[in-house]
$ cat model-v4.cif   # mmCIF, C-alpha atoms
data_final
#
loop_
_atom_site.label_atom_id
_atom_site.label_comp_id
_atom_site.auth_asym_id
_atom_site.auth_seq_id
_atom_site.Cartn_x
_atom_site.Cartn_y
_atom_site.Cartn_z
CA MET D 116 -23.19 35.53 11.26
CA LYS D 117 -24.96 35.15 7.93
CA GLN D 118 -21.60 35.37 6.11
CA VAL D 119 -20.07 32.74 8.43
CA ILE D 120 -22.91 30.31 7.70
CA SER D 121 -22.65 31.01 3.97
CA ASP D 122 -18.86 30.49 4.01
CA PHE D 123 -19.16 27.22 5.92
CA SER D 124 -21.80 26.01 3.45
CA LYS D 125 -19.48 26.79 0.54
CA LEU D 126 -16.48 25.25 2.29
CA ILE D 127 -18.18 21.88 2.79
CA LYS D 128 -20.17 22.06 -0.48
CA PHE D 129 -23.41 21.61 1.45
CA ARG D 130 -25.59 20.39 -1.43
CA LEU D 131 -23.02 17.80 -2.49
CA SER D 132 -22.58 16.64 1.11
CA PHE D 133 -26.36 16.36 1.51
CA THR D 134 -26.64 14.27 -1.67
CA VAL D 135 -23.93 11.90 -0.45
CA VAL D 136 -25.59 11.45 2.95
CA PHE D 137 -28.95 10.90 1.25
CA SER D 138 -27.53 7.97 -0.75
CA ALA D 139 -25.93 6.41 2.34
CA SER D 140 -29.05 6.80 4.48
CA ILE D 141 -31.31 5.21 1.84
CA SER D 142 -28.96 2.21 1.59
CA PHE D 143 -28.86 1.91 5.39
CA LEU D 144 -32.65 1.76 5.52
CA ILE D 145 -32.69 -0.89 2.76
CA GLY D 146 -30.22 -3.01 4.76
CA GLN D 147 -32.16 -2.58 8.00
CA LYS D 148 -35.52 -3.28 6.33
CA MET D 149 -34.11 -6.49 4.88
CA GLN D 150 -33.07 -7.60 8.36
CA VAL D 151 -36.46 -6.73 9.84
CA GLY D 152 -38.14 -8.77 7.11
CA ARG D 153 -35.91 -11.78 7.85
CA GLY D 154 -36.41 -11.49 11.61
CA HIS D 155 -32.79 -10.63 12.43
CA ILE D 156 -33.80 -7.40 14.22
CA PRO D 157 -37.20 -6.29 15.60
CA SER D 158 -37.24 -2.83 14.02
CA ILE D 159 -35.11 -0.21 12.28
CA ASP D 160 -32.48 1.33 14.57
CA TRP D 161 -33.16 5.04 14.02
CA GLY D 162 -30.37 5.98 16.43
CA ASN D 163 -27.78 4.32 14.20
CA TRP D 164 -29.43 5.94 11.18
CA GLY D 165 -28.84 9.33 12.82
CA ILE D 166 -25.22 8.42 13.59
CA LEU D 167 -24.71 7.44 9.94
CA ILE D 168 -26.15 10.75 8.73
CA ALA D 169 -24.01 12.82 11.11
CA GLY D 170 -20.83 10.80 10.50
CA GLY D 171 -21.35 10.62 6.75
CA PHE D 172 -21.99 14.35 6.53
CA LEU D 173 -18.84 15.18 8.51
CA VAL D 174 -16.63 12.82 6.48
CA THR D 175 -17.94 14.22 3.18
CA ALA D 176 -17.56 17.77 4.44
CA ALA D 177 -13.96 17.03 5.45
CA ALA D 178 -13.11 15.59 2.01
CA ASN D 179 -14.59 18.69 0.35
CA CYS D 180 -12.66 20.92 2.76
CA PHE D 181 -9.34 19.22 1.91
CA ASN D 182 -10.23 19.52 -1.78
CA GLU D 183 -10.66 23.28 -1.42
CA ILE D 184 -7.43 23.68 0.54
CA ILE D 185 -5.50 21.93 -2.24
CA GLU D 186 -7.27 23.90 -4.99
CA LYS D 187 -7.39 27.30 -3.28
CA ASP D 188 -5.21 29.05 -5.88
CA LEU D 189 -7.05 27.34 -8.75
CA ASP D 190 -10.45 28.33 -7.31
CA LYS D 191 -9.38 31.97 -7.59
CA LEU D 192 -9.25 31.55 -11.37
CA MET D 193 -12.80 30.25 -11.88
CA SER D 194 -15.97 32.34 -11.72
CA ARG D 195 -17.99 29.64 -9.96
CA THR D 196 -15.45 29.14 -7.15
CA LYS D 197 -13.65 32.44 -6.62
CA ASP D 198 -16.12 33.47 -3.88
CA ARG D 199 -15.42 30.41 -1.75
CA PRO D 200 -14.05 31.47 1.66
CA MET D 201 -10.38 30.53 1.13
CA PRO D 202 -9.81 31.93 -2.39
CA ALA D 203 -11.80 35.02 -1.39
CA GLY D 204 -9.53 35.56 1.63
CA ARG D 205 -12.22 35.22 4.29
CA MET D 206 -10.63 32.03 5.68
CA THR D 207 -7.01 30.93 5.87
CA THR D 208 -5.84 27.49 4.76
CA GLY D 209 -4.77 26.88 8.35
CA GLN D 210 -8.31 27.48 9.59
CA GLY D 211 -9.67 25.26 6.83
CA LEU D 212 -7.19 22.51 7.72
CA ILE D 213 -8.18 22.58 11.41
CA LEU D 214 -11.87 22.35 10.46
CA GLY D 215 -11.21 19.58 7.93
CA VAL D 216 -9.15 17.45 10.31
CA PHE D 217 -11.70 17.90 13.11
CA MET D 218 -14.61 16.90 10.85
CA ALA D 219 -12.64 13.95 9.43
CA PHE D 220 -11.77 12.54 12.86
CA LEU D 221 -15.22 13.11 14.34
CA GLY D 222 -17.02 11.72 11.28
CA THR D 223 -14.76 8.66 11.12
CA TRP D 224 -15.19 8.03 14.86
CA LEU D 225 -18.99 8.17 14.50
CA LEU D 226 -19.00 5.80 11.52
CA GLY D 227 -16.52 3.53 13.27
CA HIS D 228 -18.99 3.37 16.15
CA LEU D 229 -21.39 1.60 13.77
CA ASN D 230 -18.67 -0.82 12.65
CA LEU D 231 -14.95 -0.76 11.91
CA GLU D 232 -15.46 -1.52 8.20
CA THR D 233 -17.62 1.57 7.73
CA GLY D 234 -15.00 3.75 9.43
CA LEU D 235 -12.18 2.35 7.30
CA LEU D 236 -14.17 2.87 4.09
CA SER D 237 -14.81 6.48 5.09
CA VAL D 238 -11.07 7.09 5.56
CA PHE D 239 -10.36 5.46 2.19
CA SER D 240 -13.01 7.70 0.61
CA ILE D 241 -11.44 10.88 2.01
CA LEU D 242 -7.94 9.91 0.89
CA LEU D 243 -9.01 8.88 -2.61
CA TYR D 244 -11.15 11.99 -3.20
CA ALA D 245 -8.81 14.60 -1.74
CA PHE D 246 -5.38 13.21 -2.62
CA ALA D 247 -5.95 11.19 -5.81
CA TYR D 248 -8.97 12.63 -7.63
CA THR D 249 -8.20 16.27 -6.82
CA PRO D 250 -4.64 16.43 -8.28
CA LEU D 251 -5.62 14.23 -11.24
CA LYS D 252 -8.21 16.78 -12.41
CA ARG D 253 -5.45 18.85 -14.03
CA LYS D 254 -3.60 15.89 -15.51
CA SER D 255 -6.02 13.51 -17.20
CA PRO D 256 -9.70 12.71 -17.81
CA ILE D 257 -8.99 9.49 -15.86
CA ALA D 258 -9.76 11.69 -12.84
CA VAL D 259 -13.47 11.12 -13.47
CA PHE D 260 -12.99 7.35 -13.11
CA VAL D 261 -10.96 7.78 -9.92
CA GLY D 262 -13.48 10.26 -8.50
CA ALA D 263 -16.37 7.93 -9.28
CA ILE D 264 -15.04 5.39 -6.77
CA PRO D 265 -15.36 7.53 -3.60
CA GLY D 266 -18.49 9.00 -5.16
CA ALA D 267 -20.08 5.53 -5.27
CA LEU D 268 -18.96 4.43 -1.80
CA PRO D 269 -21.78 6.13 0.20
CA PRO D 270 -24.45 3.54 -0.76
CA LEU D 271 -22.00 0.76 0.10
CA ILE D 272 -21.03 2.42 3.39
CA GLY D 273 -24.68 2.95 4.32
CA TYR D 274 -25.60 -0.64 3.50
CA LEU D 275 -22.69 -2.12 5.49
CA ALA D 276 -23.45 0.21 8.41
CA ALA D 277 -26.84 -1.49 8.77
CA PHE D 278 -25.31 -4.84 9.71
CA GLY D 279 -23.02 -4.17 12.66
CA SER D 280 -19.52 -5.61 13.01
CA LEU D 281 -17.93 -8.33 10.93
CA LYS D 282 -17.87 -10.35 14.15
CA SER D 283 -21.61 -10.10 14.69
CA GLU D 284 -24.09 -12.71 13.49
CA MET D 285 -26.00 -10.06 11.54
CA PHE D 286 -23.00 -9.34 9.33
CA TYR D 287 -23.21 -12.86 7.93
CA ALA D 288 -26.75 -12.05 6.79
CA ILE D 289 -25.47 -9.52 4.24
CA ASP D 290 -26.61 -10.08 0.69
CA TYR D 291 -23.47 -8.98 -1.15
CA ASN D 292 -25.35 -8.82 -4.45
CA ILE D 293 -27.34 -5.89 -3.04
CA ALA D 294 -24.19 -4.20 -1.69
CA VAL D 295 -22.34 -4.46 -5.00
CA ILE D 296 -25.33 -3.41 -7.11
CA LEU D 297 -26.03 -0.33 -4.96
CA PHE D 298 -22.39 0.63 -5.52
CA LEU D 299 -22.50 -0.09 -9.27
CA ILE D 300 -25.63 1.97 -9.95
CA GLN D 301 -24.12 5.07 -8.37
CA PHE D 302 -20.69 4.35 -9.92
CA VAL D 303 -21.97 4.15 -13.51
CA TRP D 304 -24.38 7.09 -13.03
CA GLN D 305 -21.50 9.39 -12.15
CA PHE D 306 -19.95 9.28 -15.63
CA PRO D 307 -22.77 10.99 -17.56
CA HIS D 308 -23.35 13.16 -14.48
CA PHE D 309 -19.72 14.36 -14.32
CA TRP D 310 -19.33 14.74 -18.07
CA ALA D 311 -22.52 16.78 -18.41
CA ILE D 312 -21.30 19.12 -15.67
CA ALA D 313 -17.85 19.28 -17.27
CA TRP D 314 -19.44 20.17 -20.63
CA VAL D 315 -21.47 22.99 -19.09
CA LEU D 316 -18.51 24.35 -17.08
CA ASP D 317 -15.74 23.60 -19.58
CA ASP D 318 -14.87 27.26 -20.21
CA ASP D 319 -14.51 27.89 -16.48
CA TYR D 320 -12.62 24.63 -15.88
CA LYS D 321 -10.09 25.52 -18.59
CA LYS D 322 -9.07 28.61 -16.58
CA ALA D 323 -7.79 26.27 -13.87
CA GLY D 324 -6.45 23.67 -16.30
CA PHE D 325 -9.00 20.99 -15.38
CA ARG D 326 -9.31 18.16 -17.92
CA LEU D 327 -12.51 16.28 -17.19
CA LEU D 328 -14.15 15.72 -20.59
CA PRO D 329 -13.21 12.33 -22.15
CA THR D 330 -11.46 13.95 -25.13
CA LYS D 331 -10.76 17.23 -23.27
CA LYS D 332 -13.10 18.94 -25.76
CA ARG D 333 -16.82 19.60 -26.30
CA ASP D 334 -16.82 17.43 -29.39
CA LYS D 335 -18.77 14.58 -30.97
CA ALA D 336 -16.58 11.89 -29.37
CA THR D 337 -17.19 13.26 -25.86
CA ALA D 338 -20.94 13.44 -26.53
CA LEU D 339 -20.89 9.86 -27.88
CA ILE D 340 -19.07 8.52 -24.81
CA THR D 341 -21.54 10.33 -22.56
CA PHE D 342 -24.47 8.83 -24.48
CA ILE D 343 -22.97 5.31 -24.27
CA SER D 344 -22.54 5.70 -20.51
CA THR D 345 -26.29 6.43 -20.13
CA LEU D 346 -27.06 3.29 -22.17
CA ILE D 347 -24.82 1.20 -19.90
CA LEU D 348 -26.69 2.59 -16.90
CA ILE D 349 -29.99 1.06 -18.08
CA PRO D 350 -29.06 -2.65 -17.66
CA VAL D 351 -27.10 -1.82 -14.48
CA SER D 352 -30.19 -0.16 -12.98
CA LEU D 353 -32.25 -3.27 -13.81
CA MET D 354 -29.91 -5.54 -11.83
CA PRO D 355 -32.00 -5.31 -8.61
CA THR D 356 -34.90 -6.96 -10.47
CA ILE D 357 -32.64 -9.40 -12.34
CA TYR D 358 -31.12 -10.57 -9.04
CA GLY D 359 -34.50 -10.87 -7.36
CA PHE D 360 -34.50 -8.16 -4.69
CA GLY D 361 -36.25 -5.51 -6.77
CA GLY D 362 -39.75 -5.82 -8.16
CA TYR D 363 -41.28 -4.87 -11.48
CA TYR D 364 -42.24 -1.40 -10.28
CA ILE D 365 -38.61 -0.42 -9.59
CA ALA D 366 -37.66 -2.02 -12.92
CA GLY D 367 -40.24 0.13 -14.68
CA LEU D 368 -39.11 3.28 -12.87
CA SER D 369 -35.45 2.59 -13.65
CA LEU D 370 -36.23 1.82 -17.28
CA VAL D 371 -38.27 4.99 -17.81
CA ALA D 372 -35.69 7.15 -16.01
CA GLY D 373 -32.87 5.53 -17.99
CA ILE D 374 -34.62 6.05 -21.34
CA ILE D 375 -35.23 9.73 -20.56
CA PHE D 376 -31.60 10.12 -19.48
CA SER D 377 -30.36 8.42 -22.67
CA TRP D 378 -32.73 10.42 -24.89
CA LEU D 379 -31.36 13.69 -23.51
CA ALA D 380 -27.80 12.41 -23.98
CA LEU D 381 -28.67 11.46 -27.57
CA LYS D 382 -29.88 15.01 -28.20
CA LEU D 383 -26.53 16.24 -26.87
CA LEU D 384 -24.79 13.91 -29.33
CA LEU D 385 -26.90 15.16 -32.24
CA ASN D 386 -26.82 18.88 -31.41
CA ARG D 387 -23.78 19.38 -29.15
CA GLU D 388 -25.37 22.53 -27.73
CA LEU D 389 -24.86 23.88 -24.21
CA ILE D 390 -28.59 23.72 -23.49
CA ASP D 391 -28.60 19.98 -24.23
CA ALA D 392 -25.70 19.42 -21.81
CA LYS D 393 -27.61 21.36 -19.15
CA ARG D 394 -30.64 19.11 -19.66
CA VAL D 395 -28.49 15.99 -19.22
CA MET D 396 -26.96 17.55 -16.10
CA PHE D 397 -30.31 18.41 -14.50
CA CYS D 398 -31.72 15.00 -15.40
CA SER D 399 -28.77 13.39 -13.58
CA PHE D 400 -29.67 15.36 -10.44
CA PHE D 401 -33.11 13.75 -10.37
CA TYR D 402 -32.17 10.29 -11.65
CA ILE D 403 -30.20 8.86 -8.71
CA PRO D 404 -32.52 9.94 -5.85
CA ALA D 405 -35.55 8.72 -7.84
CA VAL D 406 -34.06 5.25 -8.39
CA GLN D 407 -32.77 4.96 -4.81
CA LEU D 408 -36.10 6.03 -3.33
CA GLY D 409 -37.81 3.56 -5.63
CA LEU D 410 -35.61 0.77 -4.29
CA LEU D 411 -36.37 1.77 -0.70
CA LEU D 412 -40.12 1.85 -1.34
CA ASN D 413 -39.78 -1.58 -2.95
CA PHE D 414 -38.32 -2.95 0.30
CA ILE D 415 -40.92 -1.17 2.44
CA ALA D 416 -43.74 -2.67 0.33
CA LYS D 417 -42.45 -6.23 0.85
#
$ encode --input "model-v4.cif" --output "structure tokens"
Amino acid sequence: MKQVISDFSKLIKFRLSFTVVFSASISFLIGQKMQVGRGHIPSIDWGNWGILIAGGFLVTAAANCFNEIIEKDLDKLMSRTKDRPMPAGRMTTGQGLILGVFMAFLGTWLLGHLNLETGLLSVFSILLYAFAYTPLKRKSPIAVFVGAIPGALPPLIGYLAAFGSLKSEMFYAIDYNIAVILFLIQFVWQFPHFWAIAWVLDDDYKKAGFRLLPTKKRDKATALITFISTLILIPVSLMPTIYGFGGYYIAGLSLVAGIIFSWLALKLLLNRELIDAKRVMFCSFFYIPAVQLGLLLNFIAK
């Protein structure tokens, strides 16, 4: 039983799926809190929040499952992935496909229950991640850009899920500035996040022919592009305050977090050592939940 649970966790990439659902759920609460503050609804609908979490988790798990089916033979070549259930021979691709399709349909149905737009975005996310990003990983570093789109959709999906159907009166209360900015913050963040991971795992990735670093090498140009992407993230993260729905506290938090992120990326540029890439990578893990929680607390405090 323990092995089955472990295999399922690896199949759906549990930590990644949890991170995705976390982003969507925070954005949902921001959208709902905004409506409560404006008198559109009496209180946060925790039932719909639970549906979003369950549906979002299943959709993300399905996309990860399809990714592993497609890359089964490549996963056998890499140390970090060869013990996943399909490359290790503990699960067939047929079994994985049945699980993936079931999770995709159930997750989409749950999200579609919140509103049609959320369900359609979830389907688009699965297709783009599994059937565009996944094959591109072996062809071109442009894969990171393509992968950043479905990677940034969870905050947008969560925010839209808070407003009901396009036909409802609440949907017309959407502040699209908030929706777009929530998407942009997570979109831009993914570039230094992905490239730091790709730098750390480059030797392993090369075994499978993955080309995820901007120049395909651990060189000065790749480090420079990574550093520039952290600098771009700073003004993007300040957009909530610039557009008037974030206060000075979230601006301060975003600025401090962005400066730390950029400082670590600068050290990677100067030293180009593996330890510096690991520091950028671990900083990226903390950056996005800190900023998103800060935004939520900002709305709660209003």
$ resolve_selection --input "model-v4.cif" --expression "the PyMOL selection byres ((chain D and resi 144) around 10)" --output "VMD selection string"
chain D and resid 139 to 143 145 to 150 159 to 161 164 273 to 274 276 to 277 411 414 to 415
$ residues_around --input "model-v4.cif" --residues "Leu229 in chain D" --least-positions-apart "2" --cutoff "7 Å" --atoms "only C-alpha atoms" --output "number ranges by chain"
D: 163, 226-227, 276, 279
$ write_last_selection --input "model-v4.cif" --atoms "C-alpha atoms" --output "compact mmCIF listing (two decimals), keeping the file's coordinate frame"
# COMPACT_ATOMS: atom_id res chain seq x y z
CA ASN D 163 -27.78 4.32 14.20
CA LEU D 226 -19.00 5.80 11.52
CA GLY D 227 -16.52 3.53 13.27
CA ALA D 276 -23.45 0.21 8.41
CA GLY D 279 -23.02 -4.17 12.66
$ closest_atom_pairs --input "model-v4.cif" --of "range 316-349 of chain D" --to "range 371-395 of chain D" --cutoff "9 Å" --atoms "all atoms listed in the file" --output "JSON lines"
{"residue": "D:Arg333", "atom": "CA", "partner": "D:Arg387", "partner_atom": "CA", "distance": 7.5}
{"residue": "D:Asp334", "atom": "CA", "partner": "D:Arg387", "partner_atom": "CA", "distance": 7.2}
{"residue": "D:Lys335", "atom": "CA", "partner": "D:Leu384", "partner_atom": "CA", "distance": 6.3}
{"residue": "D:Ala336", "atom": "CA", "partner": "D:Leu384", "partner_atom": "CA", "distance": 8.5}
{"residue": "D:Thr337", "atom": "CA", "partner": "D:Leu384", "partner_atom": "CA", "distance": 8.4}
{"residue": "D:Ala338", "atom": "CA", "partner": "D:Leu384", "partner_atom": "CA", "distance": 4.8}
{"residue": "D:Leu339", "atom": "CA", "partner": "D:Leu384", "partner_atom": "CA", "distance": 5.8}
{"residue": "D:Thr341", "atom": "CA", "partner": "D:Ala380", "partner_atom": "CA", "distance": 6.7}
{"residue": "D:Phe342", "atom": "CA", "partner": "D:Ala380", "partner_atom": "CA", "distance": 4.9}
{"residue": "D:Ile343", "atom": "CA", "partner": "D:Ser377", "partner_atom": "CA", "distance": 8.2}
{"residue": "D:Ser344", "atom": "CA", "partner": "D:Ser377", "partner_atom": "CA", "distance": 8.6}
{"residue": "D:Thr345", "atom": "CA", "partner": "D:Ser377", "partner_atom": "CA", "distance": 5.2}
{"residue": "D:Leu346", "atom": "CA", "partner": "D:Ser377", "partner_atom": "CA", "distance": 6.1}
{"residue": "D:Leu348", "atom": "CA", "partner": "D:Gly373", "partner_atom": "CA", "distance": 6.9}
{"residue": "D:Ile349", "atom": "CA", "partner": "D:Gly373", "partner_atom": "CA", "distance": 5.3}
$ write_last_selection --input "model-v4.cif" --atoms "C-alpha atoms" --output "mmCIF file, in the frame of the given file"
data_model
loop_
_atom_site.group_PDB
_atom_site.id
_atom_site.type_symbol
_atom_site.label_atom_id
_atom_site.label_comp_id
_atom_site.auth_asym_id
_atom_site.auth_seq_id
_atom_site.Cartn_x
_atom_site.Cartn_y
_atom_site.Cartn_z
ATOM 1 C CA ARG D 333 -16.820 19.600 -26.300
ATOM 2 C CA ASP D 334 -16.820 17.430 -29.390
ATOM 3 C CA LYS D 335 -18.770 14.580 -30.970
ATOM 4 C CA ALA D 336 -16.580 11.890 -29.370
ATOM 5 C CA THR D 337 -17.190 13.260 -25.860
ATOM 6 C CA ALA D 338 -20.940 13.440 -26.530
ATOM 7 C CA LEU D 339 -20.890 9.860 -27.880
ATOM 8 C CA THR D 341 -21.540 10.330 -22.560
ATOM 9 C CA PHE D 342 -24.470 8.830 -24.480
ATOM 10 C CA ILE D 343 -22.970 5.310 -24.270
ATOM 11 C CA SER D 344 -22.540 5.700 -20.510
ATOM 12 C CA THR D 345 -26.290 6.430 -20.130
ATOM 13 C CA LEU D 346 -27.060 3.290 -22.170
ATOM 14 C CA LEU D 348 -26.690 2.590 -16.900
ATOM 15 C CA ILE D 349 -29.990 1.060 -18.080
#
$ residues_around --input "model-v4.cif" --residues "Tyr364 in chain D" --least-positions-apart "5" --cutoff "10 Å" --atoms "all atoms listed in the file" --output "PyMOL selection string"
chain D and resi 356+369-370+409-410+412-413
$ atom_distance --input "model-v4.cif" --atom1 "CA of Ala178 in chain D" --atom2 "CA of Gly215 in chain D"
7.4 Å
$ atom_distance --input "model-v4.cif" --atom1 "CA of Asp190 in chain D" --atom2 "CA of Leu212 in chain D"
16.4 Å
$ atom_distance --input "model-v4.cif" --atom1 "CA of Gly359 in chain D" --atom2 "CA of Leu297 in chain D"
13.7 Å
$ closest_residue --input "model-v4.cif" --among "D:Ala169, D:Ile156, D:Ala313, D:Val151" --to "Phe133 in chain D" --atoms "all atoms listed in the file"
D:Ala169
$ residues_around --input "model-v4.cif" --residues "Lys332 in chain D" --least-positions-apart "6" --cutoff "12 Å" --atoms "only C-alpha atoms" --output "count of residues only"
14
$ closest_residue --input "model-v4.cif" --among "D:Val303, D:Val295, D:Leu192, D:Ile184" --to "Phe246 in chain D" --atoms "all atoms listed in the file"
D:Ile184
$ resolve_selection --input "model-v4.cif" --expression "the PyMOL selection byres ((chain D and resi 260) around 10)" --output "list in words"
Tyr248, Pro256, Ile257, Ala258, Val259, Val261, Gly262, Ala263, Ile264, Pro265, Gly266, Phe302, Val303, Gln305, Phe306, Phe309 and Leu327 of chain D
$ residues_around --input "model-v4.cif" --residues "Thr196 in chain D" --least-positions-apart "4" --cutoff "10 Å" --atoms "all atoms listed in the file" --output "VMD selection string"
chain D and resid 125 183 186 to 187 189 to 192 200 to 203 319
